[in-house]
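Since the structure comes first, as structure tokens, the remarks are kept for the end.
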Amino acid sequence: MIKAVFFDIDGTLVSFKTHRVPPSTVQALERLRARGIKLFIATGRHHADLNNLGGLAFDGYITLNGQYCYDDRGVIYKNCIRAEDIRTTVDLLARDPFGCLFIEEHRMYINRIDDKVKISQKLINFADPPVVPAETALHNDIYQLMAFVGPEQERTLMDSLPHCDSTRWNPYFIDVVPAGGSKRLGIDAMIRAHGIDLAETMAFGDGQNDIEMLRHAGIGVAMGNAADEVKRSADYVTTGVDRAGIAKALRHFGL
């Protein structure tokens, strides 16, 4: 029996076209909750950016790709990037500048805004973050970076950050997290806190940062709009977010 379902946001719960949760998904989640099934968010977003979920209620939130997890009782798990890797990033930006968003527990800021940043922010319907010197990040814990780089620059950056991993769900930027950090670890922390077995979980996702989560959950469901790599990592592939994909998958599994 499934007791908990984890949902990515962008491209899974929320349409890139409308920036809203489709009505079919709203109805499906309300029915899940009525059956006593717990609902969790599992996103790369910061908790301050959970601005597109409408009035939907959730039992807990895995944010920053698993680096910051909480429910109504408080913080369950958090994990920050090592200080030496933040120092290396700041030094790299001084020599070869690119847009880099630094994400702390309660705020975010970027060193510069360029075309990659503008396009990406528009895609996910975000306002531009405040611009501050990159050196600001040297004085506080950083849980995730969003580096606005292409594949070649990504390799150069990640070769310089030995204690970090990267994942890409957007052609214009990568998420950089502590090595080993992922939504998978967030699921483990959340189910421990709620007394749920891994076999009793289901997860929905569409991006590269969802692959470990889909492989790890009891049942992993890839959206029809997901890349082929993501679909191959899932137990089941449903239709796209704009084609009632979540509702169809839940019906398929009798939920």
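Residues in the structure tokens are numbered from 1 in each chain, the chains being A, B, ... in the order shown, and ligands are numbered from 1 in the order shown.
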
What are the closest atom pairs, with distances in Å to one decimal, for all residues of range 138-238 of chain A lying within 10 Å of range 34-50 of chain A? Consider only C-alpha atoms, order rows by chain and residue number, and present the result as JSON lines.
{"residue": "A:Tyr143", "atom": "CA", "partner": "A:His46", "partner_atom": "CA", "distance": 9.6}
{"residue": "A:Gln144", "atom": "CA", "partner": "A:Gly44", "partner_atom": "CA", "distance": 9.0}
{"residue": "A:Met146", "atom": "CA", "partner": "A:Gly44", "partner_atom": "CA", "distance": 9.9}
{"residue": "A:Trp169", "atom": "CA", "partner": "A:Gly44", "partner_atom": "CA", "distance": 9.6}
{"residue": "A:Asp175", "atom": "CA", "partner": "A:Gly44", "partner_atom": "CA", "distance": 7.8}
{"residue": "A:Ser182", "atom": "CA", "partner": "A:Gly44", "partner_atom": "CA", "distance": 9.3}
{"residue": "A:Lys183", "atom": "CA", "partner": "A:Ala42", "partner_atom": "CA", "distance": 6.4}
{"residue": "A:Arg184", "atom": "CA", "partner": "A:Ala42", "partner_atom": "CA", "distance": 9.2}
{"residue": "A:Gly186", "atom": "CA", "partner": "A:Ala42", "partner_atom": "CA", "distance": 7.8}
{"residue": "A:Ile187", "atom": "CA", "partner": "A:Ala42", "partner_atom": "CA", "distance": 8.0}
{"residue": "A:Met190", "atom": "CA", "partner": "A:Phe40", "partner_atom": "CA", "distance": 8.7}
{"residue": "A:His194", "atom": "CA", "partner": "A:Lys38", "partner_atom": "CA", "distance": 9.3}
{"residue": "A:Ile196", "atom": "CA", "partner": "A:Lys38", "partner_atom": "CA", "distance": 9.8}
{"residue": "A:Thr201", "atom": "CA", "partner": "A:Lys38", "partner_atom": "CA", "distance": 9.5}
{"residue": "A:Met202", "atom": "CA", "partner": "A:Leu39", "partner_atom": "CA", "distance": 9.9}
{"residue": "A:Ala203", "atom": "CA", "partner": "A:Ala42", "partner_atom": "CA", "distance": 8.7}
{"residue": "A:Phe204", "atom": "CA", "partner": "A:Ala42", "partner_atom": "CA", "distance": 9.0}
{"residue": "A:Gly205", "atom": "CA", "partner": "A:Ala42", "partner_atom": "CA", "distance": 8.8}
{"residue": "A:Asn209", "atom": "CA", "partner": "A:Gly44", "partner_atom": "CA", "distance": 7.8}
{"residue": "A:Asp210", "atom": "CA", "partner": "A:Thr43", "partner_atom": "CA", "distance": 8.6}
{"residue": "A:Met213", "atom": "CA", "partner": "A:Ala42", "partner_atom": "CA", "distance": 8.8}

Residue subset to file, keeping N, CA, C and O atoms, as a compact mmCIF listing (two decimals), in the first residue's frame:
# COMPACT_ATOMS: atom_id res chain seq x y z
N TYR A 143 23.57 26.34 0.80
CA TYR A 143 23.00 25.00 0.64
C TYR A 143 22.96 24.54 -0.82
O TYR A 143 22.96 23.34 -1.08
N GLN A 144 22.92 25.49 -1.73
CA GLN A 144 22.90 25.14 -3.15
C GLN A 144 23.36 26.34 -3.97
O GLN A 144 23.16 27.49 -3.57
N MET A 146 23.13 27.83 -8.04
CA MET A 146 22.61 27.71 -9.40
C MET A 146 23.61 28.43 -10.29
O MET A 146 23.71 29.66 -10.26
N TRP A 169 18.45 20.39 -15.07
CA TRP A 169 17.10 20.17 -15.58
C TRP A 169 16.68 21.32 -16.49
O TRP A 169 15.54 21.39 -16.93
N ASP A 175 22.19 22.94 -11.04
CA ASP A 175 22.13 23.01 -9.59
C ASP A 175 23.37 22.34 -9.04
O ASP A 175 23.71 21.22 -9.44
N SER A 182 20.87 14.75 -2.67
CA SER A 182 19.85 14.56 -3.71
C SER A 182 18.48 14.46 -3.05
O SER A 182 18.36 14.36 -1.82
N LYS A 183 17.45 14.48 -3.89
CA LYS A 183 16.10 14.29 -3.38
C LYS A 183 15.95 12.91 -2.72
O LYS A 183 15.10 12.73 -1.86
N ARG A 184 16.77 11.96 -3.14
CA ARG A 184 16.73 10.63 -2.54
C ARG A 184 16.99 10.71 -1.03
O ARG A 184 16.27 10.09 -0.23
N GLY A 186 16.56 13.30 0.79
CA GLY A 186 15.42 14.01 1.36
C GLY A 186 14.26 13.08 1.64
O GLY A 186 13.59 13.18 2.68
N ILE A 187 14.00 12.15 0.72
CA ILE A 187 12.94 11.17 0.95
C ILE A 187 13.24 10.33 2.18
O ILE A 187 12.38 10.10 3.03
N MET A 190 12.58 12.29 5.28
CA MET A 190 11.15 12.56 5.50
C MET A 190 10.40 11.31 5.96
O MET A 190 9.58 11.38 6.88
N HIS A 194 8.32 10.48 9.50
CA HIS A 194 6.88 10.21 9.47
C HIS A 194 6.55 8.72 9.63
O HIS A 194 5.38 8.33 9.50
N ILE A 196 7.30 5.98 7.80
CA ILE A 196 6.84 5.34 6.57
C ILE A 196 7.98 4.53 5.97
O ILE A 196 9.14 4.95 5.98
N THR A 201 6.22 4.21 -0.74
CA THR A 201 6.32 5.54 -1.34
C THR A 201 6.19 5.49 -2.85
O THR A 201 6.52 4.50 -3.50
N MET A 202 5.73 6.60 -3.40
CA MET A 202 5.69 6.82 -4.85
C MET A 202 6.24 8.21 -5.11
O MET A 202 6.08 9.12 -4.28
N ALA A 203 6.93 8.40 -6.24
CA ALA A 203 7.49 9.70 -6.58
C ALA A 203 7.21 10.03 -8.04
O ALA A 203 7.25 9.15 -8.90
N PHE A 204 6.96 11.31 -8.30
CA PHE A 204 6.72 11.81 -9.65
C PHE A 204 7.79 12.85 -9.99
O PHE A 204 8.08 13.73 -9.17
N GLY A 205 8.35 12.80 -11.20
CA GLY A 205 9.32 13.79 -11.61
C GLY A 205 9.50 13.84 -13.11
O GLY A 205 9.00 12.97 -13.84
N ASN A 209 17.32 16.04 -12.14
CA ASN A 209 17.47 16.03 -10.69
C ASN A 209 16.44 15.14 -9.99
O ASN A 209 16.46 15.00 -8.77
N ASP A 210 15.54 14.52 -10.77
CA ASP A 210 14.56 13.58 -10.22
C ASP A 210 14.98 12.12 -10.40
O ASP A 210 14.31 11.22 -9.86
N MET A 213 15.62 10.06 -7.24
CA MET A 213 14.37 9.93 -6.51
C MET A 213 13.46 8.88 -7.13
O MET A 213 12.87 8.05 -6.42

#### Entry: Backbone DSSP call of strand (DSSP E) for range 51-230 of chain A, listed as a PyMOL selection string
chain A and resi 60-63+68-71+74-78+100-103+108-110+144-147+164-170+173-178+201-205+219-222

### Task
Considering only C-alpha atoms, state which residue in the set A:His163, A:Arg82, A:Arg168, A:Arg87 is at the smallest distance from Asp141 in chain A.
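Comparing A:His163, A:Arg82, A:Arg168, A:Arg87 against Asp141 in chain A, the winner is A:Arg82.
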
Give me, as CSV, the closest atom pair and its distance (Å, one decimal) for every residue of range 131-246 of chain A within a cut-off of 7 Å of range 112-121 of chain A, counting only C-alpha atoms, rows sorted by chain and rising number.
residue,atom,partner,partner_atom,distance
A:Val131,CA,A:Arg112,CA,5.9
A:Phe148,CA,A:Lys116,CA,6.3
A:Tyr172,CA,A:Lys116,CA,5.7

### Query
When you draw a straight line from CA of Gly245 in chain A to CA of Asp228 in chain A, how long is it in Å?
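Interatomic distance, CA of Gly245 in chain A to CA of Asp228 in chain A: 16.1 Å.
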
### Task
Could you check how far CA of Phe126 in chain A sits from CA of Asn51 in chain A, in Å to one decimal?
9.3 Å
